[in-house]
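Below you'll find the structure, written out as structure tokens, and then a few comments.
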Amino acid sequence: MRIKVKLFANFRDGRFSIEDQEYPPGTRIADIVKKLGIEPEEIGIILLESKHAEPEQELTDGANLALFPLLGGG
Amino acid sequence: MVKELGQFLTAEAAGELLSWSSQVKASKQFGVSVAQVEEAALTVGILPARYQRNRQTISTENQLVLFRSRVAVLGCGGLGGYVVEQLARLGVGNIVAIDPDVFEEHNLNRQLFSSIAWLGRSKAQSAFERVSEINPAVTVTARQIAYAPDNGIELLQGAQVVVDALDSIPTRMALCQSCLELQVPLVHGAIAGWYGQVTTQFPGENTLQKIYGPRAQSKGAEKELGNPSFTPAVVASIEVAEACKILLQKGEVLRNRELIINLLDMSFQEIAF
């Protein structure tokens with residue numbers, strides 16, 4: 001299935017801003033995060049179809065996923 | 001005496017503007033603080049001349065609202081330095097500046113109040129001294145103390161707005177809880193490298209919970225990316241604009257939405273909650 005993955009801030013470094021990627025059925029958000037080489041604790045907000053989502057959530061064909069890093073500096 | 005002070009200020013004012021020298025003169029002549037003179041002037045529609053470039057944006061009536069306001073700023077480092085500076089120049093009458101730390105050399109790349117001469121000095125106390133040089137009519141309460149849930153209520157009491165300029169995620173979440181208990185709006189900002197985010201949480205809302213959720217770690221991407229000079233200035237300025245609008249009840253704030261800032265790609269994204 002095809003998933004549109006959007007990355008933000010430093011997640012783009014050495015990766016991409018937006019890409020259509022192919023994943024097997026049953027793929028969870030956490031699987032994509034792992035495949036991208038992003039540590040789970042680096043993740044801030046996850047948006048699926050512009051709505052908040054959890055890492056364990058399974059994706060369906062054509063899903064739009066956006067990953068934002070956790071920012072905490074001041 | 002109030003009436004006489006008002007008459008004196010009206011006589012001293014050139015048009016509707018009161019010069020700083022007249023403000024000081026009134027303070028000495030009537031034995032009151034420059035802050036009291038400022039309030040008396042604003043009350044009779046006279047604007048201290050320092051605010052004349054505010055005037056098309058902030059009316060004299062609104063300048064009085066700002067003067068009578070109290071804003072608590074948590075953290076006086078990268079974000080907090082700019083936040084305190086801008087609140088003071090804006091004319092917010094009472095600022096509580098809270099930070100347990102002292103300036104260190106690695107702060108010099110971005111923290112507004114840091115300087116070689118002030119290395120080793122309290123950030124909160126430095127905020128007080130800096131504002132005394134810029135705008136002595138503004139009262140800064142400097143607290144060299146770490147915010148914690150058990151002192152939160154005491155530190156934030158009386159503030160109409162709380163500005164988050166912290167650098168720790170668990171402390172932010174505790175602050176968020178105190179603000180919910182005190183029913184006070186919280187302007188949140190965070191930075192890392194080229195990136196930043198700002199949102200405003202009102203009482204009864206759980207925006208920060210949605211952003212951070214249950215986190216074990218205290219730091220985010222800034223641990224790897226550090227912070228350059230310009231990102232805190234951008235994010236702090238947006239936080240102050242939010243605080244100003246809350247105090248004056250005007251404009252649209254970042255309520256139930258978060259502004260995501262990317263200064264490398266120069267893109268601004270909005271997330272709705």
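As shown in the structure tokens, the chain order sets the letters A, B, ...; within each chain, residues go from 1, and ligands are also counted from 1 in the order they appear.
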Using only C-alpha atoms, I'd like a table of the residues in chain A that come within 10 Å of chain B; for each, show the closest atom pair and its distance in Å rounded to one decimal, ordered by chain and ascending number, as a tab-separated table.
```
residue	atom	partner	partner_atom	distance
A:Phe8	CA	B:Asn262	CA	8.2
A:Ala9	CA	B:Asn262	CA	6.1
A:Asn10	CA	B:Ala221	CA	8.0
A:Phe11	CA	B:Ala221	CA	9.7
A:Glu41	CA	B:Gln217	CA	7.6
A:Glu42	CA	B:Gly220	CA	6.7
A:Ile43	CA	B:Gly220	CA	8.7
A:Gly44	CA	B:Tyr212	CA	6.5
A:Ile45	CA	B:Ile211	CA	6.0
A:Ile46	CA	B:Ile211	CA	9.2
A:Leu47	CA	B:Ile271	CA	8.8
A:Ser50	CA	B:Ile271	CA	7.7
A:Lys51	CA	B:Phe273	CA	7.7
A:His52	CA	B:Phe273	CA	7.7
A:Phe68	CA	B:Ile260	CA	9.1
A:Pro69	CA	B:Ala221	CA	6.7
A:Leu70	CA	B:Gly220	CA	4.9
A:Leu71	CA	B:Gly220	CA	4.6
A:Gly72	CA	B:Gly220	CA	4.9
A:Gly73	CA	B:Asp167	CA	4.4
A:Gly74	CA	B:Asp167	CA	4.4
```
Item checked: Contacts of Val65 of chain B within 9 Å, only C-alpha atoms, excl. fewer than 6 positions in-chain, as a ChimeraX atom specification -> /B:92-93,247-248
Margin query: Taking only chain A into account, list the residues labelled strand (DSSP E) by DSSP (computed from the backbone), as a ChimeraX atom specification.
Written below: /A:2-7,18-22,43-48,51-52,63-69
Next item on the list: Would you kindly return, as a PyMOL selection string, each protein, DNA or RNA residue with an atom no farther than 12 Å from any atom of Ile32 of chain A, considering only C-alpha atoms and excluding same-chain residues fewer than 2 positions away?
Entry: chain A and resi 2-7+21-24+26-30+34-40+43+46+55-59+65-67
Next item on the list: Find the residues near segment 97-105 of chain B: any atom within 7 Å, counting only C-alpha atoms, skip ones fewer than 6 places away on the same chain, and give them as a ChimeraX atom specification.
Entry: /B:72-76,114,118-124,127,140-146
Write a file of the selected residues as a tab-separated table (two decimals), in the first residue's frame, keeping all heavy atoms.
```tsv
chain	number	residue	atom	x	y	z
B	72	ALA	N	4.04	36.33	34.28
B	72	ALA	CA	5.11	35.50	34.84
B	72	ALA	C	5.87	34.85	33.69
B	72	ALA	O	5.26	34.27	32.79
B	72	ALA	CB	4.54	34.44	35.77
B	73	VAL	N	7.20	34.98	33.72
B	73	VAL	CA	8.04	34.40	32.68
B	73	VAL	C	8.90	33.32	33.32
B	73	VAL	O	9.71	33.60	34.21
B	73	VAL	CB	8.93	35.46	32.01
B	73	VAL	CG1	9.75	34.84	30.88
B	73	VAL	CG2	8.08	36.62	31.49
B	74	LEU	N	8.68	32.09	32.87
B	74	LEU	CA	9.41	30.93	33.43
B	74	LEU	C	10.63	30.65	32.56
B	74	LEU	O	10.49	30.19	31.44
B	74	LEU	CB	8.50	29.71	33.46
B	74	LEU	CG	7.47	29.58	34.58
B	74	LEU	CD1	8.15	29.32	35.91
B	74	LEU	CD2	6.58	30.80	34.69
B	75	GLY	N	11.79	30.99	33.09
B	75	GLY	CA	13.02	30.85	32.32
B	75	GLY	C	13.47	32.21	31.83
B	75	GLY	O	12.65	32.96	31.25
B	76	CYS	N	14.70	32.58	32.08
B	76	CYS	CA	15.23	33.88	31.62
B	76	CYS	C	16.48	33.66	30.78
B	76	CYS	O	17.46	34.40	30.86
B	76	CYS	CB	15.54	34.79	32.80
B	76	CYS	SG	14.11	35.13	33.83
B	114	SER	N	22.86	37.84	28.69
B	114	SER	CA	24.20	37.34	29.01
B	114	SER	C	25.26	38.26	28.42
B	114	SER	O	25.07	38.85	27.35
B	114	SER	CB	24.39	35.92	28.47
B	114	SER	OG	24.40	35.90	27.06
B	118	TRP	N	28.65	39.58	32.92
B	118	TRP	CA	27.59	38.98	33.76
B	118	TRP	C	27.70	37.46	33.85
B	118	TRP	O	26.76	36.82	34.33
B	118	TRP	CB	26.21	39.41	33.25
B	118	TRP	CG	25.85	40.82	33.66
B	118	TRP	CD1	26.69	41.73	34.24
B	118	TRP	CD2	24.57	41.48	33.54
B	118	TRP	NE1	26.03	42.92	34.48
B	118	TRP	CE2	24.73	42.79	34.07
B	118	TRP	CE3	23.33	41.10	33.06
B	118	TRP	CZ2	23.68	43.71	34.11
B	118	TRP	CZ3	22.28	42.01	33.10
B	118	TRP	CH2	22.46	43.30	33.62
B	119	LEU	N	28.79	36.88	33.39
B	119	LEU	CA	28.97	35.43	33.56
B	119	LEU	C	28.99	35.12	35.05
B	119	LEU	O	29.60	35.85	35.84
B	119	LEU	CB	30.26	34.95	32.90
B	119	LEU	CG	30.30	35.01	31.37
B	119	LEU	CD1	31.66	34.57	30.84
B	119	LEU	CD2	29.18	34.17	30.74
B	120	GLY	N	28.29	34.06	35.44
B	120	GLY	CA	28.22	33.68	36.85
B	120	GLY	C	27.12	34.39	37.62
B	120	GLY	O	26.90	34.09	38.79
B	121	ARG	N	26.43	35.33	36.96
B	121	ARG	CA	25.36	36.06	37.65
B	121	ARG	C	23.99	35.44	37.39
B	121	ARG	O	23.74	34.88	36.33
B	121	ARG	CB	25.34	37.52	37.19
B	121	ARG	CG	26.51	38.29	37.76
B	121	ARG	CD	26.35	39.76	37.54
B	121	ARG	NE	24.99	40.19	37.88
B	121	ARG	CZ	24.53	41.42	37.65
B	121	ARG	NH1	25.30	42.31	37.10
B	121	ARG	NH2	23.31	41.74	37.99
B	122	SER	N	23.12	35.61	38.36
B	122	SER	CA	21.76	35.09	38.26
B	122	SER	C	21.05	35.64	37.02
B	122	SER	O	21.05	36.86	36.78
B	122	SER	CB	20.99	35.50	39.51
B	122	SER	OG	19.60	35.56	39.25
B	123	LYS	N	20.42	34.75	36.27
B	123	LYS	CA	19.67	35.18	35.08
B	123	LYS	C	18.45	36.01	35.48
B	123	LYS	O	18.11	36.99	34.81
B	123	LYS	CB	19.24	33.95	34.27
B	123	LYS	CG	20.40	33.20	33.65
B	123	LYS	CD	19.94	32.02	32.79
B	123	LYS	CE	21.14	31.25	32.26
B	123	LYS	NZ	20.74	30.15	31.37
B	124	ALA	N	17.80	35.61	36.56
B	124	ALA	CA	16.61	36.34	37.02
B	124	ALA	C	16.99	37.75	37.47
B	124	ALA	O	16.33	38.73	37.11
B	124	ALA	CB	15.92	35.57	38.15
B	127	ALA	N	17.80	39.95	34.61
B	127	ALA	CA	16.57	40.43	33.96
B	127	ALA	C	16.08	41.69	34.67
B	127	ALA	O	15.70	42.68	34.05
B	127	ALA	CB	15.50	39.35	33.97
B	140	VAL	N	9.97	44.51	38.03
B	140	VAL	CA	10.37	43.12	37.80
B	140	VAL	C	10.60	42.46	39.16
B	140	VAL	O	11.37	42.96	39.97
B	140	VAL	CB	11.65	43.01	36.95
B	140	VAL	CG1	12.13	41.56	36.87
B	140	VAL	CG2	11.39	43.54	35.54
B	141	THR	N	9.92	41.37	39.39
B	141	THR	CA	10.16	40.56	40.58
B	141	THR	C	11.06	39.41	40.16
B	141	THR	O	10.63	38.53	39.41
B	141	THR	CB	8.83	40.02	41.14
B	141	THR	OG1	7.95	41.13	41.34
B	141	THR	CG2	9.04	39.29	42.46
B	142	ALA	N	12.32	39.47	40.58
B	142	ALA	CA	13.30	38.45	40.18
B	142	ALA	C	13.27	37.31	41.18
B	142	ALA	O	13.39	37.53	42.38
B	142	ALA	CB	14.69	39.06	40.10
B	143	ARG	N	13.11	36.08	40.69
B	143	ARG	CA	13.09	34.92	41.57
B	143	ARG	C	14.15	33.92	41.09
B	143	ARG	O	13.95	33.28	40.05
B	143	ARG	CB	11.71	34.26	41.56
B	143	ARG	CG	10.57	35.18	42.01
B	143	ARG	CD	10.66	35.61	43.46
B	143	ARG	NE	10.67	34.48	44.37
B	143	ARG	CZ	9.58	33.96	44.94
B	143	ARG	NH1	8.41	34.48	44.71
B	143	ARG	NH2	9.70	32.94	45.76
B	144	GLN	N	15.24	33.84	41.82
B	144	GLN	CA	16.28	32.87	41.46
B	144	GLN	C	15.94	31.54	42.10
B	144	GLN	O	16.49	31.15	43.13
B	144	GLN	CB	17.67	33.36	41.91
B	144	GLN	CG	18.78	32.49	41.29
B	144	GLN	CD	20.16	32.87	41.78
B	144	GLN	OE1	20.33	33.84	42.51
B	144	GLN	NE2	21.16	32.10	41.38
B	145	ILE	N	15.02	30.87	41.46
B	145	ILE	CA	14.47	29.64	42.03
B	145	ILE	C	13.95	28.77	40.88
B	145	ILE	O	13.53	29.30	39.85
B	145	ILE	CB	13.32	30.01	43.03
B	145	ILE	CG1	12.82	28.79	43.78
B	145	ILE	CG2	12.19	30.72	42.34
B	145	ILE	CD1	11.87	29.15	44.91
B	146	ALA	N	14.02	27.47	41.07
B	146	ALA	CA	13.48	26.57	40.05
B	146	ALA	C	11.99	26.42	40.27
B	146	ALA	O	11.55	26.15	41.39
B	146	ALA	CB	14.17	25.21	40.14
```
Margin query: as a PyMOL selection string, please: every residue in segment 36-245 of chain B that DSSP puts in helix (DSSP H, G or I).
Written below: chain B and resi 36-43+49-51+60-67+78-90+105-107+123-134+149-156+169-182+207-212+222-225+230-245
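Coordinates place atom CA of Tyr82 of chain B at a distance of 27.7 Å from atom CA of Ile46 of chain B.
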Checklist line | Among listed residues B:Arg130, B:Arg55, B:Arg255, B:Lys250, nearest Leu186 of chain B (using only C-alpha atoms) | finding: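 Comparing B:Arg130, B:Arg55, B:Arg255, B:Lys250 against Leu186 of chain B, the winner is B:Arg255.
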